[in-house]
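The next block is target-v4.txt, given as compact mmCIF, C-alpha atoms.
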```txt
# COMPACT_ATOMS: atom_id res chain seq x y z
CA MET C 1 20.66 -8.06 -4.84
CA ALA C 2 17.87 -6.07 -6.51
CA ALA C 3 19.32 -6.85 -9.94
CA VAL C 4 19.41 -10.57 -9.16
CA TRP C 5 15.82 -10.45 -7.91
CA ALA C 6 14.66 -8.64 -11.06
CA ALA C 7 16.62 -10.99 -13.34
CA ALA C 8 14.65 -13.95 -12.03
CA PHE C 9 11.33 -12.66 -13.37
CA PRO C 10 12.00 -13.11 -17.11
CA VAL C 11 13.10 -16.68 -16.32
CA VAL C 12 10.54 -17.98 -13.83
CA SER C 13 7.44 -15.81 -14.22
CA SER C 14 4.61 -16.85 -16.51
CA LEU C 15 3.16 -13.31 -16.51
CA GLY C 16 4.15 -11.08 -19.41
CA PRO C 17 4.10 -7.78 -17.44
CA HIS C 18 6.38 -9.32 -14.79
CA ARG C 19 8.86 -10.40 -17.43
CA VAL C 20 8.89 -6.92 -18.96
CA TRP C 21 9.48 -5.38 -15.56
CA GLY C 22 12.21 -7.87 -14.66
CA ALA C 23 14.19 -7.27 -17.86
CA SER C 24 14.03 -3.48 -17.58
CA ALA C 25 14.60 -3.35 -13.81
CA CYS C 26 17.58 -5.70 -14.00
CA VAL C 27 19.32 -3.39 -16.47
CA GLY C 28 18.43 -0.37 -14.36
CA TYR C 29 19.75 -1.87 -11.13
CA LEU C 30 22.98 -3.03 -12.79
CA CYS C 31 23.58 0.44 -14.26
CA ALA C 32 22.85 1.93 -10.85
CA ALA C 33 25.49 -0.32 -9.27
CA VAL C 34 28.02 0.80 -11.89
CA ALA C 35 27.19 4.44 -11.12
CA VAL C 36 27.85 3.94 -7.41
CA LEU C 37 31.24 2.37 -8.11
CA SER C 38 32.22 4.94 -10.74
CA TRP C 39 31.40 8.31 -9.15
CA ARG C 40 32.29 8.77 -5.52
CA SER C 41 30.73 12.20 -5.10
CA LEU C 42 27.52 11.86 -7.11
CA GLY C 43 27.29 8.08 -7.34
CA ARG C 44 24.46 7.60 -4.88
CA ALA C 45 22.18 10.26 -6.33
CA VAL C 46 22.87 9.19 -9.90
CA SER C 47 22.35 5.52 -9.07
CA VAL C 48 18.96 6.16 -7.44
CA TRP C 49 17.66 8.01 -10.47
CA ILE C 50 19.04 5.40 -12.86
CA ALA C 51 17.36 2.66 -10.83
CA GLY C 52 14.11 4.62 -10.87
CA ILE C 53 14.23 5.03 -14.64
CA GLY C 54 14.98 1.35 -15.21
CA ALA C 55 12.65 -0.13 -12.59
CA VAL C 56 9.73 2.31 -12.68
CA LEU C 57 9.60 4.77 -15.57
CA VAL C 58 10.59 2.57 -18.53
CA PRO C 59 8.49 -0.51 -17.67
CA LEU C 60 5.50 1.60 -16.65
CA VAL C 61 5.52 3.57 -19.91
CA VAL C 62 6.04 0.44 -22.02
CA LEU C 63 3.27 -1.48 -20.26
CA VAL C 64 0.80 1.42 -20.38
CA LEU C 65 1.41 2.02 -24.09
CA THR C 66 1.19 -1.68 -24.97
CA GLY C 67 -1.74 -2.45 -22.65
CA GLY C 68 0.26 -4.94 -20.60
CA ALA C 69 -0.96 -5.23 -17.02
CA GLN C 70 -2.09 -7.65 -14.37
CA SER C 71 -5.76 -8.49 -14.55
CA GLU C 72 -6.67 -6.32 -11.55
CA VAL C 73 -5.92 -3.16 -13.54
CA GLY C 74 -8.72 -4.03 -15.95
CA VAL C 75 -10.97 -4.94 -13.01
CA VAL C 76 -10.49 -1.50 -11.44
CA GLU C 77 -11.09 0.26 -14.74
CA ARG C 78 -14.27 -1.74 -15.33
CA ALA C 79 -15.38 -0.93 -11.77
CA GLY C 80 -15.10 2.77 -12.57
CA LEU C 81 -17.08 2.39 -15.76
CA LEU C 82 -19.80 0.37 -14.02
CA THR C 83 -20.02 2.94 -11.23
CA VAL C 84 -20.68 5.66 -13.79
CA ARG C 85 -23.31 3.59 -15.59
CA GLN C 86 -25.15 1.85 -12.76
CA GLY C 87 -23.96 3.42 -9.51
CA THR C 88 -22.19 0.27 -8.25
CA PRO C 89 -18.97 -1.45 -9.39
CA TYR C 90 -20.36 -5.00 -9.18
CA LEU C 91 -21.85 -7.08 -11.99
CA ALA C 92 -24.99 -8.87 -10.85
CA ASP C 93 -24.09 -12.08 -12.68
CA PRO C 94 -20.38 -12.36 -13.59
CA GLN C 95 -19.69 -14.93 -16.29
CA ALA C 96 -15.95 -15.35 -15.67
CA VAL C 97 -13.45 -14.78 -12.88
CA VAL C 98 -12.16 -11.60 -14.56
CA GLU C 99 -15.65 -10.11 -14.19
CA VAL C 100 -15.51 -10.42 -10.40
CA THR C 101 -14.66 -7.22 -8.50
CA PRO C 102 -13.03 -8.27 -5.20
CA TYR C 103 -12.63 -4.69 -3.95
CA LEU C 104 -14.80 -2.36 -1.94
CA PRO C 105 -16.51 0.48 -3.84
CA GLY C 106 -13.81 3.06 -3.12
CA MET C 107 -11.39 1.31 -5.47
CA ALA C 108 -13.63 2.30 -8.39
CA LEU C 109 -12.37 5.88 -7.98
CA PHE C 110 -9.15 4.89 -9.72
CA GLY C 111 -11.13 3.59 -12.66
CA LEU C 112 -13.15 6.78 -13.12
CA PRO C 113 -10.50 8.56 -15.26
CA GLY C 114 -10.54 5.60 -17.62
CA ALA C 115 -14.32 5.78 -17.81
CA VAL C 116 -14.17 9.48 -18.69
CA VAL C 117 -11.70 9.01 -21.57
CA ALA C 118 -12.89 5.55 -22.67
CA ASP C 119 -14.15 6.80 -26.03
CA GLY C 120 -11.47 9.42 -26.58
CA TRP C 121 -8.29 9.68 -28.62
CA GLU C 122 -5.92 6.71 -28.16
CA PRO C 123 -3.08 8.64 -26.43
CA LEU C 124 -5.67 10.27 -24.18
CA ARG C 125 -7.09 6.87 -23.23
CA ASN C 126 -3.66 5.88 -21.94
CA LEU C 127 -4.01 8.63 -19.34
CA GLY C 128 -6.98 6.73 -17.94
CA ASP C 129 -4.81 3.75 -17.00
CA ALA C 130 -5.65 2.97 -13.37
CA ARG C 131 -1.97 2.41 -12.52
CA LEU C 132 -1.16 6.06 -13.13
CA TRP C 133 -3.82 7.23 -10.69
CA CYS C 134 -2.92 4.59 -8.12
CA ALA C 135 0.70 5.74 -8.31
CA ALA C 136 -0.33 9.39 -8.00
CA ALA C 137 -2.42 8.62 -4.90
CA PHE C 138 0.42 6.63 -3.32
CA LEU C 139 3.03 9.31 -3.94
CA GLY C 140 0.67 12.04 -2.78
CA CYS C 141 -0.02 10.20 0.48
CA LEU C 142 3.70 9.71 1.17
CA TRP C 143 4.33 13.41 0.50
CA ALA C 144 1.45 14.39 2.79
CA ALA C 145 2.71 12.03 5.50
CA GLY C 146 6.12 13.66 5.32
CA ARG C 147 4.54 17.08 5.74
CA VAL C 148 2.53 15.85 8.72
CA LEU C 149 5.73 14.63 10.34
CA GLY C 150 7.10 18.15 10.20
CA GLY C 151 9.10 17.94 7.00
CA ARG C 152 11.34 15.31 8.52
CA GLY C 153 11.59 11.76 7.39
CA THR C 154 12.26 10.56 3.89
CA GLY C 155 14.26 13.14 1.99
CA GLN C 156 14.16 13.34 -1.77
CA LEU C 157 17.00 10.87 -2.29
CA VAL C 158 15.80 8.36 0.30
CA GLY C 159 12.23 8.62 -0.92
CA ALA C 160 13.31 8.08 -4.51
CA ALA C 161 15.34 5.04 -3.43
CA LEU C 162 12.28 3.59 -1.71
CA ILE C 163 10.17 4.06 -4.84
CA ALA C 164 12.89 2.55 -7.05
CA SER C 165 13.21 -0.51 -4.80
CA PRO C 166 11.57 -3.74 -6.00
CA VAL C 167 8.99 -3.67 -3.20
CA VAL C 168 7.42 -0.53 -4.76
CA ALA C 169 8.66 -0.54 -8.35
CA LEU C 170 7.22 -3.93 -9.31
CA PRO C 171 3.62 -3.34 -8.15
CA LEU C 172 3.71 0.24 -9.41
CA ALA C 173 4.59 -0.90 -12.94
CA VAL C 174 2.45 -4.02 -13.32
CA SER C 175 -0.56 -3.45 -11.07
CA GLY C 176 -0.53 -0.66 -8.51
CA VAL C 177 -3.89 -1.41 -6.87
CA ASP C 178 -2.39 -1.99 -3.40
CA LEU C 179 -0.31 1.20 -3.44
CA PRO C 180 -3.11 3.69 -2.61
CA LEU C 181 -4.07 1.49 0.33
CA THR C 182 -0.47 1.46 1.56
CA GLY C 183 -0.08 5.20 1.14
CA LEU C 184 -3.30 5.94 3.04
CA LEU C 185 -2.24 3.66 5.89
CA CYS C 186 1.10 5.47 6.12
CA LEU C 187 -0.73 8.80 6.18
CA ALA C 188 -3.16 7.60 8.86
CA LEU C 189 -0.31 6.40 11.08
CA ALA C 190 1.55 9.69 10.63
CA LEU C 191 -1.56 11.71 11.53
CA ALA C 192 -2.23 9.55 14.58
CA ALA C 193 1.37 9.92 15.73
CA ARG C 194 0.92 13.71 15.57
CA HIS C 195 -2.33 13.67 17.60
CA ARG C 196 -4.71 14.45 14.71
CA PRO C 197 -7.54 11.98 15.25
CA VAL C 198 -10.14 13.36 12.83
CA ALA C 199 -7.69 13.58 9.92
CA ALA C 200 -6.37 10.11 10.75
CA GLY C 201 -9.95 8.83 10.75
CA LEU C 202 -10.59 10.34 7.31
CA ALA C 203 -7.45 8.70 5.89
CA LEU C 204 -8.52 5.40 7.43
CA ALA C 205 -12.02 5.74 5.99
CA LEU C 206 -10.56 6.13 2.51
CA ALA C 207 -8.29 3.12 3.02
CA CYS C 208 -11.05 0.95 4.48
CA SER C 209 -13.34 1.75 1.54
CA LEU C 210 -10.76 0.33 -0.89
CA LYS C 211 -10.11 -3.15 0.55
CA TRP C 212 -11.21 -4.83 3.75
CA THR C 213 -7.60 -5.83 4.40
CA ALA C 214 -7.19 -2.26 5.69
CA TRP C 215 -9.64 -2.83 8.54
CA PRO C 216 -7.01 -4.12 11.03
CA ALA C 217 -5.50 -0.64 10.89
CA LEU C 218 -8.53 0.68 12.78
CA ALA C 219 -7.42 -1.10 15.94
CA VAL C 220 -3.76 -0.08 15.57
CA VAL C 221 -4.52 3.60 14.94
CA ALA C 222 -7.04 3.63 17.81
CA ALA C 223 -4.43 2.17 20.18
CA LEU C 224 -1.82 4.70 19.04
CA LEU C 225 -4.25 7.62 19.48
CA ALA C 226 -5.34 6.38 22.91
CA HIS C 227 -1.73 6.15 24.07
CA ARG C 228 -0.62 9.48 22.61
CA ALA C 229 -3.73 11.67 22.86
CA GLY C 230 -6.18 9.91 25.16
CA LEU C 231 -9.29 7.75 24.88
CA GLY C 232 -11.42 10.62 23.56
CA ALA C 233 -9.12 11.12 20.58
CA ALA C 234 -9.15 7.39 19.86
CA LEU C 235 -12.96 7.34 19.89
CA ARG C 236 -13.16 10.38 17.60
CA GLY C 237 -10.71 8.93 15.11
CA THR C 238 -12.39 5.53 15.10
CA GLY C 239 -15.84 7.07 14.79
CA VAL C 240 -14.83 9.15 11.76
CA ALA C 241 -13.19 6.12 10.14
CA VAL C 242 -16.17 3.83 10.65
CA ALA C 243 -18.71 6.46 9.59
CA GLY C 244 -16.72 7.37 6.49
CA THR C 245 -16.35 3.73 5.47
CA VAL C 246 -20.06 3.08 5.92
CA LEU C 247 -20.97 6.13 3.81
CA ALA C 248 -18.63 5.00 1.03
CA VAL C 249 -19.87 1.39 0.98
CA LEU C 250 -23.57 1.94 1.73
CA PRO C 251 -24.77 2.89 -1.80
CA SER C 252 -23.35 -0.29 -3.34
CA ALA C 253 -24.53 -2.35 -0.37
CA LEU C 254 -28.08 -1.12 -0.99
CA LEU C 255 -27.99 -1.47 -4.78
CA THR C 256 -26.19 -4.82 -5.04
CA PRO C 257 -25.95 -6.44 -1.59
CA GLY C 258 -25.61 -10.01 -2.86
CA PRO C 259 -22.85 -9.36 -5.44
CA LEU C 260 -20.95 -7.22 -2.92
CA VAL C 261 -20.87 -9.98 -0.30
CA GLU C 262 -20.14 -12.67 -2.86
CA GLN C 263 -17.36 -10.83 -4.68
CA VAL C 264 -15.72 -8.84 -1.88
CA PHE C 265 -15.81 -11.36 0.97
CA ALA C 266 -16.63 -14.88 -0.27
CA PHE C 267 -14.47 -14.80 -3.41
CA PRO C 268 -11.14 -13.74 -1.78
CA THR C 269 -11.53 -16.32 0.99
CA GLY C 270 -12.07 -19.18 -1.45
CA ARG C 271 -15.80 -19.60 -0.77
CA GLY C 272 -17.19 -17.92 -3.86
CA GLU C 273 -18.54 -19.38 -7.09
CA TRP C 274 -15.29 -18.61 -8.88
CA GLU C 275 -11.88 -19.77 -7.69
CA THR C 276 -9.59 -16.90 -6.81
CA PRO C 277 -6.30 -16.68 -8.77
CA ALA C 278 -4.54 -15.70 -5.52
CA ALA C 279 -3.17 -19.16 -4.89
CA SER C 280 0.40 -18.89 -3.62
CA PRO C 281 1.41 -21.87 -1.43
CA LEU C 282 1.13 -19.99 1.85
CA PRO C 283 0.12 -21.87 5.05
CA GLY C 284 -3.54 -20.84 4.92
CA ARG C 285 -3.88 -21.86 1.29
CA LEU C 286 -2.22 -25.22 1.91
CA LEU C 287 -4.65 -25.88 4.76
CA ALA C 288 -7.64 -24.84 2.68
CA ASP C 289 -6.60 -27.26 -0.07
CA LEU C 290 -7.16 -30.14 2.38
CA GLY C 291 -10.92 -29.64 2.15
CA PRO C 292 -13.63 -28.10 4.36
CA PHE C 293 -11.86 -29.10 7.58
CA GLY C 294 -8.66 -27.44 6.38
CA TRP C 295 -10.54 -24.27 5.41
CA TYR C 296 -12.12 -24.00 8.85
CA ALA C 297 -8.73 -24.70 10.45
CA ALA C 298 -7.17 -21.85 8.45
CA MET C 299 -9.99 -19.48 9.44
CA THR C 300 -9.65 -20.50 13.08
CA LEU C 301 -5.92 -19.81 13.04
CA LEU C 302 -6.58 -16.51 11.27
CA ALA C 303 -9.07 -15.48 13.95
CA ALA C 304 -6.65 -16.56 16.70
CA GLY C 305 -3.90 -14.47 15.13
CA GLY C 306 -6.21 -11.46 15.01
CA VAL C 307 -7.14 -11.90 18.67
CA ALA C 308 -3.46 -12.18 19.62
CA VAL C 309 -2.62 -8.90 17.87
CA ALA C 310 -5.66 -7.22 19.48
CA VAL C 311 -4.57 -8.39 22.94
CA SER C 312 -1.06 -7.08 22.32
CA LEU C 313 -2.52 -3.67 21.43
CA TRP C 314 -4.47 -3.65 24.70
CA VAL C 315 -1.63 -4.88 26.91
CA ARG C 316 1.13 -2.85 25.28
CA PRO C 317 -0.20 -0.14 22.96
CA PRO C 318 2.27 1.31 20.44
CA ALA C 319 3.93 4.48 21.68
CA GLY C 320 4.99 5.93 18.33
CA LEU C 321 5.02 5.66 14.57
CA VAL C 322 7.52 2.81 14.24
CA PRO C 323 5.97 0.44 16.82
CA ALA C 324 2.51 1.16 15.42
CA ALA C 325 3.65 0.40 11.87
CA ASP C 326 5.36 -2.77 13.09
CA ARG C 327 2.24 -3.92 14.94
CA LEU C 328 0.11 -3.33 11.86
CA ALA C 329 2.69 -5.13 9.72
CA VAL C 330 2.58 -8.13 12.05
CA GLY C 331 -1.21 -8.22 11.89
CA LEU C 332 -1.24 -8.00 8.09
CA CYS C 333 1.46 -10.66 7.74
CA THR C 334 -0.58 -12.95 9.98
CA ALA C 335 -3.67 -12.33 7.86
CA PHE C 336 -1.90 -12.88 4.55
CA LEU C 337 -0.10 -16.02 5.70
CA LEU C 338 -3.14 -17.69 7.27
CA ALA C 339 -5.87 -16.59 4.86
CA PRO C 340 -7.32 -19.43 2.74
CA ALA C 341 -6.15 -17.59 -0.39
CA GLY C 342 -3.34 -15.15 -0.93
CA ARG C 343 -0.26 -14.14 -2.88
CA PHE C 344 3.37 -13.71 -1.91
CA GLY C 345 3.07 -10.21 -3.35
CA TYR C 346 0.66 -9.21 -0.59
CA LEU C 347 3.55 -9.35 1.88
CA ALA C 348 5.07 -6.30 0.21
CA LEU C 349 2.48 -4.13 2.01
CA PRO C 350 3.63 -4.90 5.60
CA VAL C 351 7.28 -4.75 4.53
CA LEU C 352 6.75 -1.32 3.02
CA LEU C 353 4.94 -0.07 6.14
CA SER C 354 7.82 -1.04 8.43
CA VAL C 355 10.52 0.31 6.12
CA TRP C 356 8.72 3.59 5.51
CA ALA C 357 8.11 4.18 9.23
CA ARG C 358 11.81 3.78 10.01
CA LEU C 359 12.85 6.08 7.20
CA ALA C 360 10.26 8.64 8.26
CA GLU C 361 11.33 8.70 11.89
CA ALA C 362 15.09 8.20 11.60
CA PRO C 363 16.14 11.85 11.10
CA SER C 364 14.04 13.00 14.07
CA ARG C 365 15.67 10.61 16.53
CA VAL C 366 19.18 11.97 16.39
CA ALA C 367 19.95 15.65 15.94
CA PRO C 368 22.39 16.47 13.12
CA ALA C 369 26.03 16.71 14.14
CA ARG C 370 26.22 20.42 13.33
CA SER C 371 23.16 21.12 15.50
CA ARG C 372 24.73 19.29 18.43
CA VAL C 373 27.97 21.26 18.06
CA VAL C 374 26.11 24.59 17.91
CA ALA C 375 24.00 23.64 20.92
CA ALA C 376 27.06 22.60 22.88
CA GLY C 377 28.83 25.82 21.95
CA SER C 378 25.86 27.89 23.01
CA ALA C 379 25.67 26.11 26.33
CA ALA C 380 29.37 26.62 26.99
CA ARG C 381 29.44 30.33 25.98
CA PRO C 382 29.65 32.63 29.05
CA VAL C 383 26.78 35.01 29.71
CA LEU C 384 27.75 38.63 29.13
CA VAL C 385 26.73 41.11 31.82
CA GLY C 386 27.10 44.82 32.29
CA GLY C 387 29.32 46.52 29.73
CA ASP C 388 31.28 43.41 28.71
CA ARG C 389 31.61 42.90 24.95
```
Can you turn what I pasted into structure tokens?
Amino acid sequence: MAAVWAAAFPVVSSLGPHRVWGASACVGYLCAAVAVLSWRSLGRAVSVWIAGIGAVLVPLVVLVLTGGAQSEVGVVERAGLLTVRQGTPYLADPQAVVEVTPYLPGMALFGLPGAVVADGWEPLRNLGDARLWCAAAFLGCLWAAGRVLGGRGTGQLVGAALIASPVVALPLAVSGVDLPLTGLLCLALALAARHRPVAAGLALALACSLKWTAWPALAVVAALLAHRAGLGAALRGTGVAVAGTVLAVLPSALLTPGPLVEQVFAFPTGRGEWETPAASPLPGRLLADLGPFGWYAAMTLLAAGGVAVAVSLWVRPPAGLVPAADRLAVGLCTAFLLAPAGRFGYLALPVLLSVWARLAEAPSRVAPARSRVVAAGSAARPVLVGGDR
């Protein structure tokens, strides 16, 4: 299935990086399928690594070396350079849509390495590619989330399979800007599920300073903390998240308030000076295309969906990692489907949240067979008393 999905990109996509990824990933997935059928003992492990090489490593290296990327990679790198030069990632008067920065100031962090090596040796400049640092942040967050969950969850093989899957491999190779956000949300949910409100709030603050699409996670994490650790923990976690987000955004808000509002909020919702390229035919976009009435209808439905999710959190708060991830995924899907502008690719974020949560919790639900046998044997063993041996 993955090979068929990848094979469609060189045929139907008009984006060069997508075609490169599709060709390489298709070969990788096909070779992985052959490995599974050929080696019974090592087939799964070999196939995962082959898929990872074909779908992640090869296209990423090729695209980094040739400069092929989606436009947002250049936007993030420019944001880092502008932050170094003027203290804010926003141009006061953008002359083209590619000069708009539709992200909150925290995203500029992934452009800082590129700003540092911008005038350096060519191979060294490749190390400043924002995708590499986005991928490192994503993988680091997943590793940290696994540690928070007590070392359970996604093992090496399962984790590698998740990364090699199209839902991660494609954005990692061609763009990557949504991956740090996803990783931080996974980490925040894991910390909240383990009753660590301050750490969860810090992870949320980082996520919420990247893109405002992370803000619905505040309500979900607060509901999870309130259910698992009490109202006080929920208030502490939320307070840290809000305060951290404000501190991260405040300098740019003071230096360039107009460009921040225009580029971060008006532009993605289709109300800015420049038309957003995020124009997949999702319900909200189709409504917005009908004119002002359609735009207001889409925003009304979007607000109603948000209220419905908020009510569900109040009436039935999530009791664990999986229901919390599912509730956040539902909220994000609602937002992406009903927003006046969006891409099909945005839906990968909620899918990844739900899949990761199930992989992370699955091993902890059922004890291994050997453990159950040992436990049963221990329970059935008679207690020795006196001089019995």
Original post:
With all atoms listed in the file as the atoms that count, which of C:Val4, C:Leu189, C:Ile163, C:Leu184 lies nearest to Arg327 of chain C?
Top reply: C:Leu189
Subject >> Shell around Gly306 of chain C at 10 Å using only C-alpha atoms, local window under 5 positions removed, as an MDAnalysis selection string >> reply: chainID C and resid 216 300:301 311:312 330:332 334:335
Subject >> Gap from atom CA of Arg125 of chain C to atom CA of Asp178 of chain C - Å, one decimal >> reply: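 Computing the Euclidean distance for atom CA of Arg125 of chain C and atom CA of Asp178 of chain C yields 22.2 Å.
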**OP:** Would you list the contacts of Val116 of chain C as a count of residues only, taking every protein, DNA or RNA residue within 10 Å and counting only C-alpha atoms, but skipping same-chain residues closer than 2 positions in sequence?
**Re:** 12
I'd like the neighbourhood of Ala137 of chain C as a PDB file with C-alpha atoms, in the coordinates of the input, where a residue qualifies if any of its atoms comes within 8 Å (using only C-alpha atoms), though same-chain residues fewer than 4 positions away should be ignored.
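Contents of the output file part_3.pdb:
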```pdb
ATOM      1  CA  TRP C 133      -3.820   7.230 -10.690  1.00  0.00           C
ATOM      2  CA  CYS C 141      -0.020  10.200   0.480  1.00  0.00           C
ATOM      3  CA  LEU C 179      -0.310   1.200  -3.440  1.00  0.00           C
ATOM      4  CA  PRO C 180      -3.110   3.690  -2.610  1.00  0.00           C
ATOM      5  CA  GLY C 183      -0.080   5.200   1.140  1.00  0.00           C
TER       6      GLY C 183
END
```
Subject >> Test item: residues at most 9 Å from Val27 of chain C, all atoms listed in the file, excluding those fewer than 2 positions along its chain, as an NGL selection string >> reply: :C and (3 or 6-7 or 22-25 or 29-32 or 51 or 54-55)
Residues at most 9 Å from His18 of chain C, counting all atoms listed in the file, excluding those fewer than 3 positions away in the same chain, as a PDB file with C-alpha atoms, keeping the file's coordinate frame?
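The new file part-v1.pdb reads:
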```pdb
ATOM      1  CA  PHE C   9      11.330 -12.660 -13.370  1.00  0.00           C
ATOM      2  CA  PRO C  10      12.000 -13.110 -17.110  1.00  0.00           C
ATOM      3  CA  SER C  13       7.440 -15.810 -14.220  1.00  0.00           C
ATOM      4  CA  SER C  14       4.610 -16.850 -16.510  1.00  0.00           C
ATOM      5  CA  LEU C  15       3.160 -13.310 -16.510  1.00  0.00           C
ATOM      6  CA  TRP C  21       9.480  -5.380 -15.560  1.00  0.00           C
ATOM      7  CA  GLY C  22      12.210  -7.870 -14.660  1.00  0.00           C
ATOM      8  CA  ALA C  23      14.190  -7.270 -17.860  1.00  0.00           C
ATOM      9  CA  ALA C  69      -0.960  -5.230 -17.020  1.00  0.00           C
ATOM     10  CA  GLN C  70      -2.090  -7.650 -14.370  1.00  0.00           C
ATOM     11  CA  LEU C 170       7.220  -3.930  -9.310  1.00  0.00           C
ATOM     12  CA  ALA C 173       4.590  -0.900 -12.940  1.00  0.00           C
ATOM     13  CA  VAL C 174       2.450  -4.020 -13.320  1.00  0.00           C
TER      14      VAL C 174
END
```
**OP:** Between atom CA of Ala188 of chain C and atom CA of Val261 of chain C, measure the distance and give it in Å to one decimal.
**Re:**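 Atom-to-atom, atom CA of Ala188 of chain C to atom CA of Val261 of chain C, that is 26.6 Å.
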Original post:
Quick one: distance from atom CA of Pro17 of chain C to atom CA of Leu172 of chain C in Å, one decimal?
Top reply: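 The value is 11.4 Å.
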Subject >> Which residue of C:Arg78, C:Ala190, C:Ala35, C:Cys333 approaches Arg147 of chain C most closely, using only C-alpha atoms >> reply: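 Among the listed residues, C:Ala190 lies closest to Arg147 of chain C.
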With 4 Å added on each side, what axis-aligned box encloses every listed atom of segment 251-255 of chain C? Give the centre and edge lengths in Å to one decimal, as JSON.
```
{"center_x": -25.7, "center_y": 0.3, "center_z": -2.6, "size_x": 12.7, "size_y": 13.2, "size_z": 12.4}
```
Original post:
Which residue out of C:Val117, C:Leu337, C:Ala193, C:Leu302 has the minimum interatomic distance to Ala357 of chain C when all atoms listed in the file are used?
Top reply: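 Smallest separation from Ala357 of chain C among the options: C:Ala193.
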Original post:
Smallest atom-to-atom distance to Ser71 of chain C: which of C:Pro277, C:Gly201, C:Gly244, C:Pro105, using all atoms listed in the file?
Top reply: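 Of the candidates, the smallest distance to Ser71 of chain C is held by C:Pro277.
Of the listed residues (C:Leu181, C:Met107, C:Leu287, C:Ala135), C:Met107 comes nearest to Thr83 of chain C; the distances count all atoms listed in the file.
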**OP:** Find, counting all atoms listed in the file, the residue in C:Ala297, C:Val56, C:Val98, C:Leu359 that gets nearest to Ala169 of chain C.
**Re:** C:Val56
